[in-house]
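Structure data follow from structure24.txt (compact mmCIF, C-alpha atoms):
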# COMPACT_ATOMS: atom_id res chain seq x y z
CA MET A 285 4.30 40.48 29.05
CA LYS A 286 3.88 38.79 25.66
CA LYS A 287 7.21 36.98 26.01
CA THR A 288 6.27 35.76 29.49
CA MET A 289 2.91 34.43 28.26
CA LEU A 290 4.57 32.77 25.25
CA LEU A 291 7.20 31.18 27.49
CA LEU A 292 4.54 29.99 29.95
CA GLY A 293 2.47 28.50 27.10
CA ALA A 294 5.50 26.71 25.63
CA LEU A 295 6.35 25.36 29.09
CA MET A 296 2.82 24.01 29.55
CA LEU A 297 2.87 22.34 26.11
CA SER A 298 6.25 20.72 26.77
CA ALA A 299 4.97 19.43 30.13
CA ALA A 300 1.91 17.93 28.40
CA ALA A 301 4.12 16.32 25.74
CA GLY A 302 6.40 14.89 28.44
CA TYR A 303 3.41 13.47 30.32
CA ALA A 304 2.10 11.90 27.10
CA GLN A 305 5.43 10.11 26.60
CA GLU A 306 5.05 8.41 29.99
CA SER A 307 1.55 7.15 29.30
CA ARG A 308 0.80 3.41 29.17
CA GLN A 309 -1.93 3.96 26.61
CA ASP A 310 -1.68 4.63 22.90
CA VAL A 311 -4.52 5.52 20.52
CA SER A 312 -4.12 5.86 16.76
CA VAL A 313 -6.38 6.49 13.78
CA SER A 314 -5.28 5.96 10.18
CA ALA A 315 -6.98 6.48 6.84
CA SER A 316 -6.22 4.72 3.57
CA ALA A 317 -7.18 4.94 -0.07
CA ALA A 318 -6.42 2.41 -2.82
CA PHE A 319 -6.64 3.15 -6.53
CA ALA A 320 -7.17 0.04 -8.66
CA PRO A 321 -6.48 -0.06 -12.41
CA GLU A 322 -9.05 -0.74 -15.10
CA ILE A 323 -8.89 -4.37 -16.22
CA THR A 324 -9.99 -5.54 -19.68
CA GLY A 325 -9.90 -9.05 -21.10
CA ASN A 326 -12.14 -11.60 -22.86
CA SER A 327 -14.73 -8.90 -23.66
CA VAL A 328 -15.08 -8.03 -19.97
CA GLN A 329 -14.12 -4.65 -18.52
CA LYS A 330 -13.86 -4.13 -14.74
CA ASN A 331 -13.46 -0.81 -12.95
CA THR A 332 -13.13 -0.32 -9.20
CA SER A 333 -14.00 2.86 -7.38
CA THR A 334 -11.48 4.30 -4.97
CA THR A 335 -11.33 2.11 -1.87
CA MET A 336 -11.61 4.26 1.22
CA GLY A 337 -10.63 2.84 4.59
CA LEU A 338 -10.17 3.66 8.25
CA VAL A 339 -8.22 1.84 10.98
CA ALA A 340 -8.46 2.70 14.69
CA SER A 341 -6.17 1.11 17.28
CA TYR A 342 -5.88 1.18 21.05
CA ARG A 343 -2.81 -0.23 22.83
CA TYR A 344 -2.36 -0.60 26.58
CA LEU A 345 1.12 -1.45 27.89
CA LEU A 346 1.05 -3.88 30.80
CA THR A 347 4.82 -3.59 31.28
CA PRO A 348 7.43 -1.70 29.25
CA ARG A 349 7.88 -4.83 27.08
CA SER A 350 4.37 -6.26 26.77
CA GLY A 351 0.94 -4.91 26.01
CA LEU A 352 -2.53 -5.57 24.63
CA GLU A 353 -3.90 -4.09 21.43
CA VAL A 354 -7.42 -3.81 19.96
CA ASN A 355 -8.02 -2.79 16.32
CA TYR A 356 -11.06 -1.84 14.25
CA GLY A 357 -10.89 -1.50 10.47
CA TYR A 358 -13.49 -0.36 7.93
CA GLN A 359 -13.35 -0.04 4.15
CA GLN A 360 -15.71 0.05 1.20
CA ASN A 361 -15.66 0.23 -2.57
CA THR A 362 -17.76 -0.55 -5.64
CA GLN A 363 -16.65 -2.76 -8.53
CA TYR A 364 -18.30 -2.00 -11.87
CA TYR A 365 -18.18 -4.37 -14.81
CA GLN A 366 -19.22 -4.47 -18.46
CA VAL A 367 -19.61 -7.56 -20.65
CA PHE A 368 -19.47 -7.05 -24.43
CA GLY A 369 -19.78 -3.28 -23.88
CA LYS A 370 -23.05 -3.55 -21.94
CA ALA A 371 -23.03 -2.29 -18.35
CA ASN A 372 -24.02 -5.08 -15.94
CA GLY A 373 -24.18 -3.06 -12.73
CA GLY A 374 -21.75 -3.29 -9.90
CA ILE A 375 -20.93 -4.91 -6.59
CA HIS A 376 -20.70 -2.69 -3.51
CA THR A 377 -18.37 -4.18 -0.88
CA LEU A 378 -18.38 -3.15 2.77
CA GLN A 379 -15.79 -4.75 5.05
CA GLN A 380 -15.21 -4.45 8.81
CA GLU A 381 -12.48 -6.04 10.90
CA PHE A 382 -12.10 -6.49 14.64
CA SER A 383 -8.88 -7.89 16.08
CA ALA A 384 -7.07 -8.15 19.38
CA ALA A 385 -3.45 -9.02 20.02
CA TYR A 386 -0.73 -9.48 22.58
CA VAL A 387 2.28 -7.27 21.78
CA PHE A 388 5.85 -8.03 22.87
CA ASN A 389 8.38 -5.17 22.48
CA LEU A 390 12.16 -5.28 22.44
CA ASN A 391 14.24 -2.13 22.78
CA PHE A 392 17.57 -1.79 21.02
CA LYS A 393 19.64 1.34 20.35
CA ASN A 394 17.81 2.83 17.37
CA PHE A 395 15.19 0.15 16.74
CA ASN A 396 12.04 -0.96 18.50
CA PRO A 397 11.14 -4.41 17.06
CA PHE A 398 7.93 -6.05 18.21
CA LEU A 399 5.98 -9.30 17.87
CA GLU A 400 2.20 -9.26 17.77
CA ALA A 401 -0.20 -12.23 17.76
CA GLY A 402 -3.92 -12.65 18.35
CA PRO A 403 -7.36 -13.48 16.90
CA GLY A 404 -9.44 -11.42 14.50
CA VAL A 405 -12.82 -11.51 12.81
CA MET A 406 -13.85 -9.90 9.52
CA PHE A 407 -17.42 -9.06 8.53
CA PHE A 408 -18.24 -8.33 4.92
CA ARG A 409 -21.35 -7.39 3.02
CA LEU A 410 -21.72 -7.55 -0.74
CA SER A 411 -24.58 -5.78 -2.52
CA ARG A 412 -25.13 -6.44 -6.21
CA MET A 413 -26.62 -3.48 -8.03
CA ARG A 414 -28.41 -4.45 -11.23
CA ASP A 415 -31.60 -3.17 -12.84
CA ARG A 416 -32.41 -1.08 -9.75
CA ARG A 417 -32.50 -4.23 -7.60
CA THR A 418 -30.11 -4.82 -4.76
CA LEU A 419 -29.18 -8.36 -3.80
CA THR A 420 -27.33 -8.54 -0.49
CA GLN A 421 -25.00 -11.22 0.80
CA SER A 422 -23.18 -11.16 4.15
CA GLY A 423 -20.48 -13.29 5.68
CA ILE A 424 -17.99 -13.67 8.49
CA ARG A 425 -14.35 -14.69 8.25
CA THR A 426 -12.25 -15.47 11.29
CA SER A 427 -8.50 -15.70 11.49
CA VAL A 428 -5.53 -15.72 13.81
CA HIS A 429 -2.87 -13.23 12.81
CA SER A 430 0.68 -12.53 13.74
CA LEU A 431 2.93 -9.64 12.88
CA ALA A 432 6.58 -8.91 13.42
CA ALA A 433 8.20 -5.62 12.53
CA VAL A 434 11.28 -3.56 13.12
CA TRP A 435 10.50 0.10 13.65
CA PRO A 436 13.23 2.74 14.03
CA MET A 437 12.84 4.98 17.05
CA SER A 438 13.17 8.70 16.59
Please rewrite the model in this file as structure tokens.
Amino acid sequence: MKKTMLLLGALMLSAAAGYAQESRQDVSVSASAAFAPEITGNSVQKNTSTTMGLVASYRYLLTPRSGLEVNYGYQQNTQYYQVFGKANGGIHTLQQEFSAAYVFNLNFKNFNPFLEAGPGVMFFRLSRMRDRRTLTQSGIRTSVHSLAAVWPMS
């Protein structure tokens, strides 16, 4: 009985995995962390906290070779600085990115190269922390991006 249930469960999981391979939609979530070095020069010392980030993507394939992609990215860190050994506070940076793109895929034997192009917008907010006061500055940056990559298929 246990072997039959195990076999039935494995069969259901393989059927779900096979169905997922035929889907026209793709969702991904990635996390990142950047570790910056301490920088010292001209009596100024700058330290950066660990930059934590998140990227979420959604891709819908219109045909087997072309698709549309939407991305959202978020990251934040704090940069601390000292001048002549005296702490002068820090700058907290919060950054968000929204982008959309058209994706063109090519299929070769072991490689899946693609071209991606589309617009994007980046929102950022800087907060200066000094003497228990917070000064805030916001901004928007727009861009058009393109990406080409060769990715081996497994």
- Using only C-alpha atoms, the residue out of A:Val339, A:Val328, A:Ala315, A:Leu345 with shortest distance to Ala371 of chain A is A:Val328
- Task: For atom CA of Ala340 of chain A and atom CA of Phe395 of chain A, quote the distance in Å rounded to one decimal.
- Result: 23.9 Å
- Message: Using only C-alpha atoms, can you tell me which of A:Gln360, A:Gln309, A:Asn326, A:Gln366 comes closest to Arg343 of chain A?
- Response: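 Nearest candidate to Arg343 of chain A out of A:Gln360, A:Gln309, A:Asn326, A:Gln366: A:Gln309.
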- Nearest to Val405 of chain A among A:Ala318, A:Leu390, A:Leu338, A:Ala384, with distances taken over all atoms listed in the file: which residue is it? A:Ala384
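With atom CA of Pro397 of chain A on one side and atom CA of Met336 of chain A on the other, the separation reads 29.0 Å.
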- Gap from atom CA of Ser383 of chain A to atom CA of Ser411 of chain A - Å, one decimal: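 So the two atoms, atom CA of Ser383 of chain A and atom CA of Ser411 of chain A, lie 24.4 Å apart.
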- Message: Please determine, counting all atoms listed in the file, which residue among A:Pro403, A:Gly337, A:Gly357, A:Gly351 has the shortest atom-to-atom distance to Ser316 of chain A.
- Response: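 Comparing A:Pro403, A:Gly337, A:Gly357, A:Gly351 against Ser316 of chain A, the winner is A:Gly337.
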- Task: Write out as a ChimeraX atom specification each polymer residue whose atoms come within 12 Å of Gly325 of chain A, counting only C-alpha atoms; drop sequence neighbours fewer than 5 positions from it.
- Result: /A:330,365-369
- Message: Counting only C-alpha atoms, find residues at most 9 Å from (2.1, -2.2, 31.1) (file frame) and give them as a PyMOL selection string.
- Response: chain A and resi 308-309+344-352
Take the residues from that selection and write them out as a PDB file, in the coordinates of the input, keeping C-alpha atoms.
ATOM      1  CA  ARG A 308       0.800   3.410  29.170  1.00  0.00           C
ATOM      2  CA  GLN A 309      -1.930   3.960  26.610  1.00  0.00           C
ATOM      3  CA  TYR A 344      -2.360  -0.600  26.580  1.00  0.00           C
ATOM      4  CA  LEU A 345       1.120  -1.450  27.890  1.00  0.00           C
ATOM      5  CA  LEU A 346       1.050  -3.880  30.800  1.00  0.00           C
ATOM      6  CA  THR A 347       4.820  -3.590  31.280  1.00  0.00           C
ATOM      7  CA  PRO A 348       7.430  -1.700  29.250  1.00  0.00           C
ATOM      8  CA  ARG A 349       7.880  -4.830  27.080  1.00  0.00           C
ATOM      9  CA  SER A 350       4.370  -6.260  26.770  1.00  0.00           C
ATOM     10  CA  GLY A 351       0.940  -4.910  26.010  1.00  0.00           C
ATOM     11  CA  LEU A 352      -2.530  -5.570  24.630  1.00  0.00           C
TER      12      LEU A 352
END
